[in-house]
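Visitor: This is data-v1.pdb, which holds PDB, C-alpha atoms:
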MODEL        1
ATOM      1  CA  MET A   1     201.578-231.442 -42.963
ATOM      2  CA  SER A   2     201.571-233.876 -40.024
ATOM      3  CA  THR A   3     203.757-231.547 -37.951
ATOM      4  CA  ARG A   4     201.189-228.728 -38.115
ATOM      5  CA  PRO A   5     198.974-229.849 -35.180
ATOM      6  CA  GLY A   6     202.100-230.394 -33.091
ATOM      7  CA  PHE A   7     203.328-226.918 -33.915
ATOM      8  CA  LEU A   8     199.962-225.364 -33.038
ATOM      9  CA  THR A   9     199.895-227.308 -29.757
ATOM     10  CA  LEU A  10     203.327-225.932 -28.936
ATOM     11  CA  VAL A  11     202.213-222.365 -29.667
ATOM     12  CA  LEU A  12     199.056-222.809 -27.574
ATOM     13  CA  ALA A  13     201.007-224.366 -24.697
ATOM     14  CA  LEU A  14     203.465-221.489 -24.715
ATOM     15  CA  ALA A  15     200.643-218.948 -24.888
ATOM     16  CA  MET A  16     199.001-220.600 -21.863
ATOM     17  CA  ALA A  17     202.316-220.606 -20.052
ATOM     18  CA  ALA A  18     202.575-216.904 -20.833
ATOM     19  CA  GLY A  19     199.172-216.330 -19.250
ATOM     20  CA  CYS A  20     200.189-218.214 -16.098
ATOM     21  CA  ALA A  21     203.491-216.415 -15.769
ATOM     22  CA  SER A  22     202.114-212.897 -16.086
ATOM     23  CA  VAL A  23     200.856-212.493 -12.501
ATOM     24  CA  ALA A  24     201.941-209.136 -11.112
ATOM     25  CA  HIS A  25     203.988-209.076  -7.918
ATOM     26  CA  LYS A  26     205.137-206.225  -5.698
ATOM     27  CA  ALA A  27     208.692-205.159  -6.555
ATOM     28  CA  SER A  28     209.245-201.976  -4.550
ATOM     29  CA  THR A  29     207.572-198.929  -3.058
ATOM     30  CA  TYR A  30     208.467-195.281  -3.125
ATOM     31  CA  THR A  31     206.863-192.027  -2.095
ATOM     32  CA  ARG A  32     205.911-189.024  -4.173
ATOM     33  CA  THR A  33     204.952-185.525  -3.094
ATOM     34  CA  ALA A  34     201.310-184.597  -2.633
ATOM     35  CA  THR A  35     200.196-181.027  -2.005
ATOM     36  CA  THR A  36     196.864-179.852  -0.649
ATOM     37  CA  ILE A  37     195.818-176.211  -0.542
ATOM     38  CA  VAL A  38     194.394-175.588   2.939
ATOM     39  CA  GLU A  39     191.941-172.713   3.410
ATOM     40  CA  VAL A  40     191.415-171.715   7.029
ATOM     41  CA  THR A  41     188.539-169.523   8.086
ATOM     42  CA  SER A  42     187.271-168.666  11.566
ATOM     43  CA  ASN A  43     184.473-166.739  13.284
ATOM     44  CA  VAL A  44     186.953-164.033  14.358
ATOM     45  CA  PRO A  45     190.215-162.930  12.727
ATOM     46  CA  SER A  46     192.847-165.231  14.233
ATOM     47  CA  ASP A  47     196.522-165.972  13.855
ATOM     48  CA  VAL A  48     197.186-169.385  12.304
ATOM     49  CA  TRP A  49     200.230-171.296  13.522
ATOM     50  CA  MET A  50     201.785-174.487  12.248
ATOM     51  CA  ALA A  51     204.811-176.088  13.992
ATOM     52  CA  ASN A  52     205.393-172.872  15.979
ATOM     53  CA  GLN A  53     205.483-170.808  12.801
ATOM     54  CA  LYS A  54     202.919-168.184  11.985
ATOM     55  CA  ILE A  55     201.231-168.851   8.646
ATOM     56  CA  GLY A  56     199.001-165.776   8.557
ATOM     57  CA  THR A  57     195.707-164.392   9.758
ATOM     58  CA  THR A  58     192.336-165.881   8.872
ATOM     59  CA  PRO A  59     191.018-166.136   6.235
ATOM     60  CA  VAL A  60     194.250-167.646   4.933
ATOM     61  CA  SER A  61     195.170-170.300   2.411
ATOM     62  CA  PHE A  62     198.501-172.085   2.086
ATOM     63  CA  PRO A  63     199.944-175.248   0.481
ATOM     64  CA  PHE A  64     200.705-178.230   2.690
ATOM     65  CA  SER A  65     202.981-180.932   1.268
ATOM     66  CA  TYR A  66     203.356-184.532   2.405
ATOM     67  CA  GLU A  67     204.183-187.924   0.890
ATOM     68  CA  GLU A  68     202.014-190.451  -0.924
ATOM     69  CA  GLU A  69     203.133-194.082  -1.164
ATOM     70  CA  VAL A  70     203.274-195.695  -4.606
ATOM     71  CA  GLU A  71     203.764-199.419  -5.205
ATOM     72  CA  ARG A  72     205.620-200.781  -8.225
ATOM     73  CA  GLN A  73     204.221-204.053  -9.455
ATOM     74  CA  VAL A  74     206.053-206.149 -11.993
ATOM     75  CA  LYS A  75     204.785-208.846 -14.307
ATOM     76  CA  THR A  76     206.466-210.581 -17.177
ATOM     77  CA  ALA A  77     204.871-210.062 -20.564
ATOM     78  CA  THR A  78     205.376-211.409 -24.070
ATOM     79  CA  TYR A  79     207.049-209.261 -26.679
ATOM     80  CA  TRP A  80     203.636-209.053 -28.405
ATOM     81  CA  GLU A  81     202.321-207.141 -25.413
ATOM     82  CA  THR A  82     205.267-204.776 -25.055
ATOM     83  CA  ASN A  83     206.389-204.240 -28.679
ATOM     84  CA  PRO A  84     203.744-205.687 -31.049
ATOM     85  CA  GLY A  85     205.187-203.968 -34.119
ATOM     86  CA  ILE A  86     208.668-205.458 -33.744
ATOM     87  CA  ALA A  87     207.222-208.862 -32.753
ATOM     88  CA  ALA A  88     205.124-208.943 -35.958
ATOM     89  CA  ALA A  89     208.077-207.875 -38.120
ATOM     90  CA  VAL A  90     210.381-210.508 -36.619
ATOM     91  CA  THR A  91     207.695-213.198 -37.038
ATOM     92  CA  VAL A  92     207.140-212.388 -40.728
ATOM     93  CA  LEU A  93     210.806-212.051 -41.611
ATOM     94  CA  SER A  94     211.779-215.233 -39.758
ATOM     95  CA  LEU A  95     209.048-217.127 -41.701
ATOM     96  CA  GLY A  96     207.283-217.894 -38.434
ATOM     97  CA  VAL A  97     210.270-219.480 -36.697
ATOM     98  CA  TYR A  98     210.116-216.739 -34.032
ATOM     99  CA  LEU A  99     206.375-217.280 -33.388
ATOM    100  CA  PRO A 100     206.553-220.084 -30.767
ATOM    101  CA  PHE A 101     209.362-218.292 -28.941
ATOM    102  CA  SER A 102     207.424-215.028 -28.999
ATOM    103  CA  ALA A 103     204.836-216.568 -26.672
ATOM    104  CA  ILE A 104     207.399-216.811 -23.863
ATOM    105  CA  PRO A 105     206.859-213.987 -21.362
ATOM    106  CA  VAL A 106     210.364-212.604 -21.170
ATOM    107  CA  GLU A 107     210.039-208.869 -20.690
ATOM    108  CA  ALA A 108     209.289-207.261 -17.325
ATOM    109  CA  GLN A 109     206.472-204.723 -17.327
ATOM    110  CA  SER A 110     205.956-202.328 -14.442
ATOM    111  CA  GLU A 111     202.787-200.767 -13.129
ATOM    112  CA  PHE A 112     202.766-197.956 -10.615
ATOM    113  CA  ARG A 113     199.799-197.799  -8.257
ATOM    114  CA  PRO A 114     199.192-195.402  -5.351
ATOM    115  CA  THR A 115     198.543-197.533  -2.249
ATOM    116  CA  GLY A 116     196.317-194.965  -0.559
ATOM    117  CA  THR A 117     198.858-194.637   2.273
ATOM    118  CA  TYR A 118     200.115-191.164   3.145
ATOM    119  CA  VAL A 119     203.153-190.204   5.194
ATOM    120  CA  LYS A 120     203.584-187.018   7.279
ATOM    121  CA  ASN A 121     200.055-186.037   6.240
ATOM    122  CA  LYS A 122     198.819-184.838   9.657
ATOM    123  CA  LEU A 123     198.306-181.107   9.586
ATOM    124  CA  VAL A 124     198.265-179.610  13.110
ATOM    125  CA  LEU A 125     197.045-176.033  13.392
ATOM    126  CA  ARG A 126     196.741-173.643  16.302
ATOM    127  CA  LEU A 127     194.515-170.585  16.108
ATOM    128  CA  THR A 128     195.001-167.701  18.519
ATOM    129  CA  SER A 129     193.108-164.471  18.910
ATOM    130  CA  GLU A 130     193.109-161.823  21.615
ATOM    131  CA  SER A 131     190.417-162.369  24.269
ATOM    132  CA  TYR A 132     189.556-165.761  22.716
ATOM    133  CA  GLU A 133     190.706-169.227  23.803
ATOM    134  CA  SER A 134     193.351-170.687  21.546
ATOM    135  CA  LEU A 135     192.191-173.647  19.492
ATOM    136  CA  ASP A 136     194.155-176.701  18.311
ATOM    137  CA  HIS A 137     192.914-178.572  15.279
ATOM    138  CA  SER A 138     194.345-181.435  13.254
ATOM    139  CA  VAL A 139     193.415-182.802   9.838
ATOM    140  CA  ASP A 140     194.605-185.947   8.056
ATOM    141  CA  LEU A 141     195.076-185.063   4.398
ATOM    142  CA  LYS A 142     194.716-187.733   1.733
ATOM    143  CA  GLY A 143     195.650-186.202  -1.588
ATOM    144  CA  GLU A 144     192.766-183.738  -1.860
ATOM    145  CA  PRO A 145     193.642-180.758  -4.097
ATOM    146  CA  ARG A 146     191.899-178.309  -1.702
ATOM    147  CA  VAL A 147     190.536-178.526   1.845
ATOM    148  CA  GLU A 148     188.480-175.950   3.729
ATOM    149  CA  VAL A 149     188.830-175.733   7.512
ATOM    150  CA  ASN A 150     186.202-173.605   9.239
ATOM    151  CA  LEU A 151     186.836-173.131  12.963
ATOM    152  CA  THR A 152     185.004-171.404  15.787
ATOM    153  CA  LEU A 153     186.931-169.857  18.666
ATOM    154  CA  LYS A 154     185.277-169.426  22.060
ATOM    155  CA  LYS A 155     185.516-166.200  24.017
ATOM    156  CA  ALA A 156     187.927-166.485  26.919
ATOM    157  CA  GLY A 157     186.111-167.260  30.153
ATOM    158  CA  ALA A 158     182.884-168.272  28.364
ATOM    159  CA  GLN A 159     181.184-171.538  29.504
TER     160      GLN A 159
ATOM    161  CA  MET B   1     210.106-212.188 -55.140
ATOM    162  CA  LEU B   2     212.087-214.710 -53.101
ATOM    163  CA  LYS B   3     215.250-212.736 -53.745
ATOM    164  CA  SER B   4     213.797-209.520 -52.341
ATOM    165  CA  TRP B   5     212.428-211.384 -49.323
ATOM    166  CA  CYS B   6     215.903-212.839 -48.689
ATOM    167  CA  GLN B   7     217.386-209.334 -48.954
ATOM    168  CA  ASN B   8     214.850-208.035 -46.416
ATOM    169  CA  ALA B   9     215.527-210.939 -44.080
ATOM    170  CA  CYS B  10     219.291-210.347 -44.335
ATOM    171  CA  LEU B  11     218.743-206.655 -43.624
ATOM    172  CA  LEU B  12     216.717-207.501 -40.527
ATOM    173  CA  VAL B  13     219.370-209.921 -39.315
ATOM    174  CA  VAL B  14     222.094-207.292 -39.797
ATOM    175  CA  ALA B  15     219.935-204.643 -38.122
ATOM    176  CA  HIS B  16     219.135-207.029 -35.265
ATOM    177  CA  VAL B  17     222.821-207.708 -34.685
ATOM    178  CA  LEU B  18     223.812-204.070 -34.866
ATOM    179  CA  VAL B  19     221.133-201.767 -33.542
ATOM    180  CA  GLY B  20     219.331-201.523 -30.250
ATOM    181  CA  CYS B  21     215.787-200.345 -29.929
ATOM    182  CA  GLY B  22     213.003-200.421 -27.438
ATOM    183  CA  ALA B  23     210.114-198.394 -26.162
ATOM    184  CA  THR B  24     209.606-194.966 -24.645
ATOM    185  CA  GLN B  25     206.875-194.108 -22.163
ATOM    186  CA  PHE B  26     206.366-190.624 -20.848
ATOM    187  CA  VAL B  27     203.680-189.227 -18.583
ATOM    188  CA  ALA B  28     203.558-185.613 -17.415
ATOM    189  CA  LYS B  29     201.092-184.011 -15.025
ATOM    190  CA  MET B  30     201.895-180.348 -15.264
ATOM    191  CA  PRO B  31     199.432-177.488 -14.902
ATOM    192  CA  ASP B  32     199.166-175.273 -17.995
ATOM    193  CA  SER B  33     200.038-172.311 -15.805
ATOM    194  CA  LEU B  34     203.510-173.680 -14.987
ATOM    195  CA  ALA B  35     206.039-171.492 -16.744
ATOM    196  CA  VAL B  36     209.808-171.189 -16.443
ATOM    197  CA  LYS B  37     210.447-167.477 -16.883
ATOM    198  CA  PRO B  38     213.706-165.945 -18.138
ATOM    199  CA  GLY B  39     216.119-165.709 -15.211
ATOM    200  CA  ASP B  40     214.472-168.545 -13.288
ATOM    201  CA  THR B  41     216.807-171.220 -12.021
ATOM    202  CA  ILE B  42     216.227-174.779 -10.863
ATOM    203  CA  GLU B  43     217.890-176.415  -7.880
ATOM    204  CA  LEU B  44     218.821-179.981  -8.822
ATOM    205  CA  LEU B  45     218.613-182.470  -5.955
ATOM    206  CA  PRO B  46     220.587-185.727  -6.294
ATOM    207  CA  ILE B  47     218.380-188.521  -7.625
ATOM    208  CA  GLU B  48     217.250-191.007  -4.980
ATOM    209  CA  ASN B  49     217.588-194.734  -5.645
ATOM    210  CA  ALA B  50     214.074-196.059  -4.933
ATOM    211  CA  THR B  51     214.474-199.340  -6.815
ATOM    212  CA  GLY B  52     214.973-201.293  -3.606
ATOM    213  CA  LYS B  53     218.196-202.711  -5.074
ATOM    214  CA  THR B  54     221.864-201.816  -5.015
ATOM    215  CA  LEU B  55     222.863-200.453  -8.413
ATOM    216  CA  GLU B  56     225.594-202.424 -10.209
ATOM    217  CA  VAL B  57     226.002-199.589 -12.698
ATOM    218  CA  PRO B  58     226.051-196.072 -11.135
ATOM    219  CA  ALA B  59     222.907-195.124 -13.063
ATOM    220  CA  ASP B  60     222.017-192.527 -10.419
ATOM    221  CA  LYS B  61     225.319-190.678 -10.784
ATOM    222  CA  ILE B  62     225.139-190.884 -14.594
ATOM    223  CA  PHE B  63     221.634-189.368 -14.466
ATOM    224  CA  ASP B  64     222.672-186.590 -12.048
ATOM    225  CA  GLU B  65     225.671-185.535 -14.126
ATOM    226  CA  TYR B  66     223.747-185.601 -17.397
ATOM    227  CA  MET B  67     220.722-183.764 -15.978
ATOM    228  CA  ALA B  68     223.033-181.090 -14.516
ATOM    229  CA  LYS B  69     224.648-180.712 -17.956
ATOM    230  CA  LEU B  70     221.265-180.358 -19.674
ATOM    231  CA  LEU B  71     220.113-177.701 -17.191
ATOM    232  CA  GLN B  72     223.463-175.923 -17.421
ATOM    233  CA  GLU B  73     223.187-175.748 -21.217
ATOM    234  CA  ARG B  74     219.862-173.964 -20.800
ATOM    235  CA  LYS B  75     221.262-171.665 -18.064
ATOM    236  CA  LEU B  76     218.675-173.103 -15.682
ATOM    237  CA  LEU B  77     220.920-174.783 -13.137
ATOM    238  CA  ALA B  78     221.089-172.926  -9.841
ATOM    239  CA  ALA B  79     224.613-172.706  -8.456
ATOM    240  CA  PRO B  80     225.088-173.823  -4.829
ATOM    241  CA  ALA B  81     223.782-171.155  -2.428
ATOM    242  CA  GLN B  82     222.162-169.291  -5.328
ATOM    243  CA  PRO B  83     218.437-168.621  -4.846
ATOM    244  CA  SER B  84     216.231-170.646  -7.154
ATOM    245  CA  SER B  85     212.548-170.616  -7.993
ATOM    246  CA  LEU B  86     212.023-174.343  -8.538
ATOM    247  CA  VAL B  87     213.443-177.580  -7.170
ATOM    248  CA  PHE B  88     213.922-180.649  -9.385
ATOM    249  CA  LYS B  89     213.501-183.774  -7.256
ATOM    250  CA  ALA B  90     213.841-187.172  -8.938
ATOM    251  CA  LYS B  91     213.611-190.809  -7.915
ATOM    252  CA  LEU B  92     215.009-193.749  -9.827
ATOM    253  CA  VAL B  93     212.075-196.123  -9.428
ATOM    254  CA  GLU B  94     213.098-198.877 -11.846
ATOM    255  CA  TYR B  95     216.454-199.877 -13.247
ATOM    256  CA  GLU B  96     217.542-203.075 -14.977
ATOM    257  CA  PRO B  97     220.989-203.169 -16.604
ATOM    258  CA  GLY B  98     219.910-205.985 -18.973
ATOM    259  CA  ASN B  99     222.378-207.603 -21.364
ATOM    260  CA  ALA B 100     223.052-207.298 -25.079
ATOM    261  CA  PHE B 101     223.564-211.039 -25.615
ATOM    262  CA  GLY B 102     220.090-211.788 -24.244
ATOM    263  CA  ARG B 103     218.555-209.151 -26.521
ATOM    264  CA  TRP B 104     220.376-210.654 -29.489
ATOM    265  CA  LEU B 105     219.168-214.141 -28.561
ATOM    266  CA  LEU B 106     215.496-213.272 -28.219
ATOM    267  CA  PRO B 107     213.801-209.861 -28.256
ATOM    268  CA  GLY B 108     212.711-208.944 -24.736
ATOM    269  CA  VAL B 109     215.313-211.106 -22.971
ATOM    270  CA  GLY B 110     217.893-208.957 -21.198
ATOM    271  CA  THR B 111     215.889-205.748 -21.579
ATOM    272  CA  THR B 112     217.576-202.635 -20.188
ATOM    273  CA  VAL B 113     215.100-200.414 -18.311
ATOM    274  CA  CYS B 114     215.260-197.023 -16.623
ATOM    275  CA  THR B 115     212.230-195.297 -15.094
ATOM    276  CA  VAL B 116     212.594-191.927 -13.413
ATOM    277  CA  HIS B 117     209.848-190.198 -11.444
ATOM    278  CA  ALA B 118     210.554-186.465 -11.293
ATOM    279  CA  GLU B 119     208.859-183.578  -9.515
ATOM    280  CA  LEU B 120     209.133-179.823  -9.819
ATOM    281  CA  LEU B 121     208.554-178.162  -6.467
ATOM    282  CA  ASP B 122     208.081-174.512  -5.629
ATOM    283  CA  LYS B 123     211.241-173.537  -3.753
ATOM    284  CA  LYS B 124     209.481-171.010  -1.498
ATOM    285  CA  THR B 125     206.508-173.107  -0.350
ATOM    286  CA  GLY B 126     207.612-176.661  -1.128
ATOM    287  CA  ALA B 127     204.350-177.150  -3.023
ATOM    288  CA  LEU B 128     204.242-179.571  -5.919
ATOM    289  CA  ALA B 129     204.279-177.612  -9.192
ATOM    290  CA  GLY B 130     204.225-180.621 -11.511
ATOM    291  CA  ARG B 131     205.314-184.213 -11.890
ATOM    292  CA  MET B 132     206.469-186.395 -14.757
ATOM    293  CA  GLU B 133     207.621-189.942 -15.313
ATOM    294  CA  ALA B 134     209.933-191.168 -18.056
ATOM    295  CA  ARG B 135     210.513-194.863 -18.875
ATOM    296  CA  GLN B 136     213.053-195.940 -21.453
ATOM    297  CA  THR B 137     213.800-199.496 -22.539
ATOM    298  CA  VAL B 138     216.184-201.232 -24.922
ATOM    299  CA  SER B 139     214.733-204.662 -25.572
ATOM    300  CA  PHE B 140     215.864-205.614 -29.066
ATOM    301  CA  GLY B 141     219.234-205.566 -30.765
ATOM    302  CA  GLY B 142     222.727-206.899 -30.662
ATOM    303  CA  ALA B 143     226.267-205.582 -30.602
ATOM    304  CA  TYR B 144     225.378-201.905 -30.887
ATOM    305  CA  SER B 145     223.076-202.093 -27.908
ATOM    306  CA  ILE B 146     226.097-202.766 -25.679
ATOM    307  CA  GLY B 147     226.376-199.861 -23.258
ATOM    308  CA  ALA B 148     222.606-199.367 -23.008
ATOM    309  CA  ASP B 149     222.940-199.820 -19.243
ATOM    310  CA  GLU B 150     224.930-196.575 -19.160
ATOM    311  CA  TYR B 151     222.998-194.423 -21.637
ATOM    312  CA  ILE B 152     219.450-195.565 -20.812
ATOM    313  CA  CYS B 153     218.951-193.090 -17.945
ATOM    314  CA  LYS B 154     220.362-190.305 -20.133
ATOM    315  CA  ARG B 155     217.497-190.992 -22.557
ATOM    316  CA  ALA B 156     215.050-190.650 -19.644
ATOM    317  CA  ALA B 157     216.723-187.331 -18.716
ATOM    318  CA  ASP B 158     216.275-186.170 -22.347
ATOM    319  CA  ASP B 159     212.520-186.851 -22.077
ATOM    320  CA  LEU B 160     212.282-184.919 -18.812
ATOM    321  CA  ILE B 161     214.213-181.891 -20.086
ATOM    322  CA  ALA B 162     212.033-181.857 -23.230
ATOM    323  CA  GLU B 163     209.009-181.315 -20.960
ATOM    324  CA  ILE B 164     210.826-178.496 -19.121
ATOM    325  CA  ASP B 165     211.757-177.009 -22.522
ATOM    326  CA  LYS B 166     208.047-176.689 -23.314
ATOM    327  CA  ARG B 167     207.704-174.419 -20.268
ATOM    328  CA  LEU B 168     210.650-172.196 -21.127
ATOM    329  CA  GLY B 169     209.695-168.642 -21.985
ATOM    330  CA  LYS B 170     206.019-169.550 -21.735
ATOM    331  CA  LYS B 171     203.874-166.632 -20.649
ATOM    332  CA  GLU B 172     201.790-167.099 -17.530
ATOM    333  CA  PRO B 173     198.040-166.963 -18.209
ATOM    334  CA  PRO B 174     196.349-163.745 -17.012
ATOM    335  CA  GLN B 175     195.018-163.995 -13.440
TER     336      GLN B 175
ENDMDL
END
Could you show the structure in this file as structure tokens?
Guide:
Amino acid sequence: MSTRPGFLTLVLALAMAAGCASVAHKASTYTRTATTIVEVTSNVPSDVWMANQKIGTTPVSFPFSYEEEVERQVKTATYWETNPGIAAAVTVLSLGVYLPFSAIPVEAQSEFRPTGTYVKNKLVLRLTSESYESLDHSVDLKGEPRVEVNLTLKKAGAQ
Amino acid sequence: MLKSWCQNACLLVVAHVLVGCGATQFVAKMPDSLAVKPGDTIELLPIENATGKTLEVPADKIFDEYMAKLLQERKLLAAPAQPSSLVFKAKLVEYEPGNAFGRWLLPGVGTTVCTVHAELLDKKTGALAGRMEARQTVSFGGAYSIGADEYICKRAADDLIAEIDKRLGKKEPPQ
């Protein structure tokens, strides 16, 4: 009976240690593909160019793909957090012997979070139309599913 | 009563020594409209190691070979230079070889982990058609969990192909 408070103290100490140890830290980063549908419209029918390639004539819509950065964060967790069913079964069948050890954060848990940083996400367009001045336009895309670009071309020679 | 408890405890001990088990996590973000039609083929790009570490076990090669086999079995793998409709692009984002002795000692110690982030891209436009993420772990067990470092990424590949299977022969919704 006298060992009971000592045992509980041990369990509590280990549980507190588990809490302290489970601070997430950055492990690695990787990029994943993001695609935005770009809809281009203009005041006059114009040819739309991207990287010296003709996309089509306005109004036109096309997918633009770039990269989104994702960060992997790792924290250590107790087996109760990762596999509560097995932890409970082992505790019961070991008559509680496993319980103090189960509070040790031993298993790595990963979380994947987009950082909000995008790579190669600058869309540069050139619109050309006969007897109108060509127009360059750039947009920074940030994971939007769809973006509308409405442009106005000026008549050649107009002030 | 005590006898049956002892039997259960013995069973658990034997199971703990022999088997290996862990958890499965799978997330897919695929539009309902994504369908793999009969005759469609998928170009398989080699998996990229994005763990930030050098792999002790060639988990990337094991994944590539197994994924190619799974696609081949379904007649979905595009041969080199053959036109394809989709591109399968994967990244190994987490890999831990773990160790069976650690798992035997205490559940969670020496956990084997494999997480693969995979994307299906439209071959013609390069647009993202869908993405999925499979995470497999072996965190509990003993002798029979030896070798988990080699088969863990195959389990992740099984999860990914199961999602592609759901799209096989699916009719596209009317426009």
Visitor: Can you find the residues with an atom no farther than 10 Å from (213.7, -211.6, -24.7), counting only C-alpha atoms, and report them as JSON, numbers by chain?
Guide: {"A": [77, 78, 79, 101, 102, 104, 105, 106, 107, 108], "B": [101, 102, 103, 104, 105, 106, 107, 108, 109, 110, 111, 139, 140]}
Visitor: With 12 Å as the cut-off and all atoms listed in the file counted, what is the closest atom pair between each nearby residue of range 54-107 of chain A and range 18-39 of chain B? Distances in Å to one decimal, ordered by chain and number, as a tab-separated table.
Guide:
residue	atom	partner	partner_atom	distance
A:Tyr79	CA	B:Gly22	CA	10.7
A:Glu81	CA	B:Ala23	CA	11.7
A:Thr82	CA	B:Ala23	CA	8.1
A:Asn83	CA	B:Ala23	CA	7.4
A:Pro84	CA	B:Ala23	CA	10.8
A:Gly85	CA	B:Gly22	CA	10.9
A:Ile86	CA	B:Gly22	CA	9.2
A:Ala87	CA	B:Gly22	CA	11.5
A:Glu107	CA	B:Gly22	CA	11.2
Visitor: Please, which residues of chain B lie no more than 6 Å from chain A when the count uses all atoms listed in the file, and can they be set out as a ChimeraX atom specification?
Guide: /B:9,50,52,108-109,127-128
Visitor: Residues near Tyr132 in chain A, anyone? I mean within 12 Å using all atoms listed in the file, not counting same-chain ones fewer than 6 positions away, as a PyMOL selection string.
Guide: chain A and resi 42-47+152-158
Visitor: Name the residues captured by the PyMOL selection byres ((chain A and resi 134-150) around 6) when it is applied to the shown file; answer as a ChimeraX atom specification.
Guide: /A:34,36-42,121-128,133,151
Visitor: If you measure from CA of Val48 in chain A to CA of Val60 in chain A, what distance in Å do you get, rounded to one decimal?
Guide: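 Separating CA of Val48 in chain A from CA of Val60 in chain A is a distance of 8.1 Å.
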Visitor: Please, what distance in Å, to one decimal, runs between CA of Lys54 in chain A and CA of Tyr118 in chain A?
Guide: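 CA of Lys54 in chain A sits 24.8 Å away from CA of Tyr118 in chain A.
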Visitor: Name the residues, using the chain letters and numbers of the file, that sit within 7 Å of (222.0, -175.0, -8.9) when counting only C-alpha atoms, and give them as JSON, numbers by chain.
Guide: {"B": [42, 43, 44, 77, 78, 79, 80, 82]}
Visitor: Which residues fall under the PyMOL selection byres ((chain B and resi 68) around 12) in this file, as a PyMOL selection string?
Guide: chain B and resi 41-47+61-67+69-79+88+154+157-158+161
Visitor: Please write the residues from the selection above to a file, keeping C-alpha atoms, as a compact mmCIF listing (two decimals), in the frame of the given file.
Guide:
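The result, stored in result_23.txt:
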# COMPACT_ATOMS: atom_id res chain seq x y z
CA THR B 41 216.81 -171.22 -12.02
CA ILE B 42 216.23 -174.78 -10.86
CA GLU B 43 217.89 -176.42 -7.88
CA LEU B 44 218.82 -179.98 -8.82
CA LEU B 45 218.61 -182.47 -5.96
CA PRO B 46 220.59 -185.73 -6.29
CA ILE B 47 218.38 -188.52 -7.62
CA LYS B 61 225.32 -190.68 -10.78
CA ILE B 62 225.14 -190.88 -14.59
CA PHE B 63 221.63 -189.37 -14.47
CA ASP B 64 222.67 -186.59 -12.05
CA GLU B 65 225.67 -185.54 -14.13
CA TYR B 66 223.75 -185.60 -17.40
CA MET B 67 220.72 -183.76 -15.98
CA LYS B 69 224.65 -180.71 -17.96
CA LEU B 70 221.26 -180.36 -19.67
CA LEU B 71 220.11 -177.70 -17.19
CA GLN B 72 223.46 -175.92 -17.42
CA GLU B 73 223.19 -175.75 -21.22
CA ARG B 74 219.86 -173.96 -20.80
CA LYS B 75 221.26 -171.66 -18.06
CA LEU B 76 218.68 -173.10 -15.68
CA LEU B 77 220.92 -174.78 -13.14
CA ALA B 78 221.09 -172.93 -9.84
CA ALA B 79 224.61 -172.71 -8.46
CA PHE B 88 213.92 -180.65 -9.38
CA LYS B 154 220.36 -190.30 -20.13
CA ALA B 157 216.72 -187.33 -18.72
CA ASP B 158 216.28 -186.17 -22.35
CA ILE B 161 214.21 -181.89 -20.09
Visitor: Hey, can you check how far CA of Thr115 in chain B sits from CA of Ala143 in chain B?
Guide: 23.3 Å
Visitor: Around all listed atoms of range 26-32 of chain A, padded 4 Å per side, what centre and edge lengths does the axis-aligned box have in Å to one decimal, as lines of an AutoDock Vina configuration file?
Guide:
center_x = 207.2
center_y = -197.6
center_z = -4.3
size_x = 12.1
size_y = 25.2
size_z = 12.5
Visitor: What would range 79-88 of chain B look like with N, CA and C atoms restored, written as an mmCIF file, in the coordinates of the input?
Guide:
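Written out: selection-v1.cif:
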data_model
loop_
_atom_site.group_PDB
_atom_site.id
_atom_site.type_symbol
_atom_site.label_atom_id
_atom_site.label_comp_id
_atom_site.auth_asym_id
_atom_site.auth_seq_id
_atom_site.Cartn_x
_atom_site.Cartn_y
_atom_site.Cartn_z
ATOM 1 N N ALA B 79 223.325 -172.413 -9.091
ATOM 2 C CA ALA B 79 224.613 -172.706 -8.456
ATOM 3 C C ALA B 79 224.377 -172.908 -6.958
ATOM 4 N N PRO B 80 225.265 -173.646 -6.283
ATOM 5 C CA PRO B 80 225.088 -173.823 -4.829
ATOM 6 C C PRO B 80 224.984 -172.468 -4.129
ATOM 7 N N ALA B 81 224.047 -172.381 -3.208
ATOM 8 C CA ALA B 81 223.782 -171.155 -2.428
ATOM 9 C C ALA B 81 223.132 -170.045 -3.248
ATOM 10 N N GLN B 82 222.856 -170.301 -4.509
ATOM 11 C CA GLN B 82 222.162 -169.291 -5.328
ATOM 12 C C GLN B 82 220.649 -169.497 -5.166
ATOM 13 N N PRO B 83 219.881 -168.417 -4.983
ATOM 14 C CA PRO B 83 218.437 -168.621 -4.846
ATOM 15 C C PRO B 83 217.827 -169.179 -6.134
ATOM 16 N N SER B 84 216.875 -170.061 -5.966
ATOM 17 C CA SER B 84 216.231 -170.646 -7.154
ATOM 18 C C SER B 84 214.725 -170.568 -6.991
ATOM 19 N N SER B 85 214.002 -170.694 -8.084
ATOM 20 C CA SER B 85 212.548 -170.616 -7.993
ATOM 21 C C SER B 85 211.902 -171.992 -7.947
ATOM 22 N N LEU B 86 212.585 -172.990 -8.527
ATOM 23 C CA LEU B 86 212.023 -174.343 -8.538
ATOM 24 C C LEU B 86 213.058 -175.349 -8.047
ATOM 25 N N VAL B 87 212.561 -176.485 -7.588
ATOM 26 C CA VAL B 87 213.443 -177.580 -7.170
ATOM 27 C C VAL B 87 213.098 -178.798 -8.022
ATOM 28 N N PHE B 88 214.119 -179.432 -8.596
ATOM 29 C CA PHE B 88 213.922 -180.649 -9.385
ATOM 30 C C PHE B 88 214.303 -181.830 -8.496
#
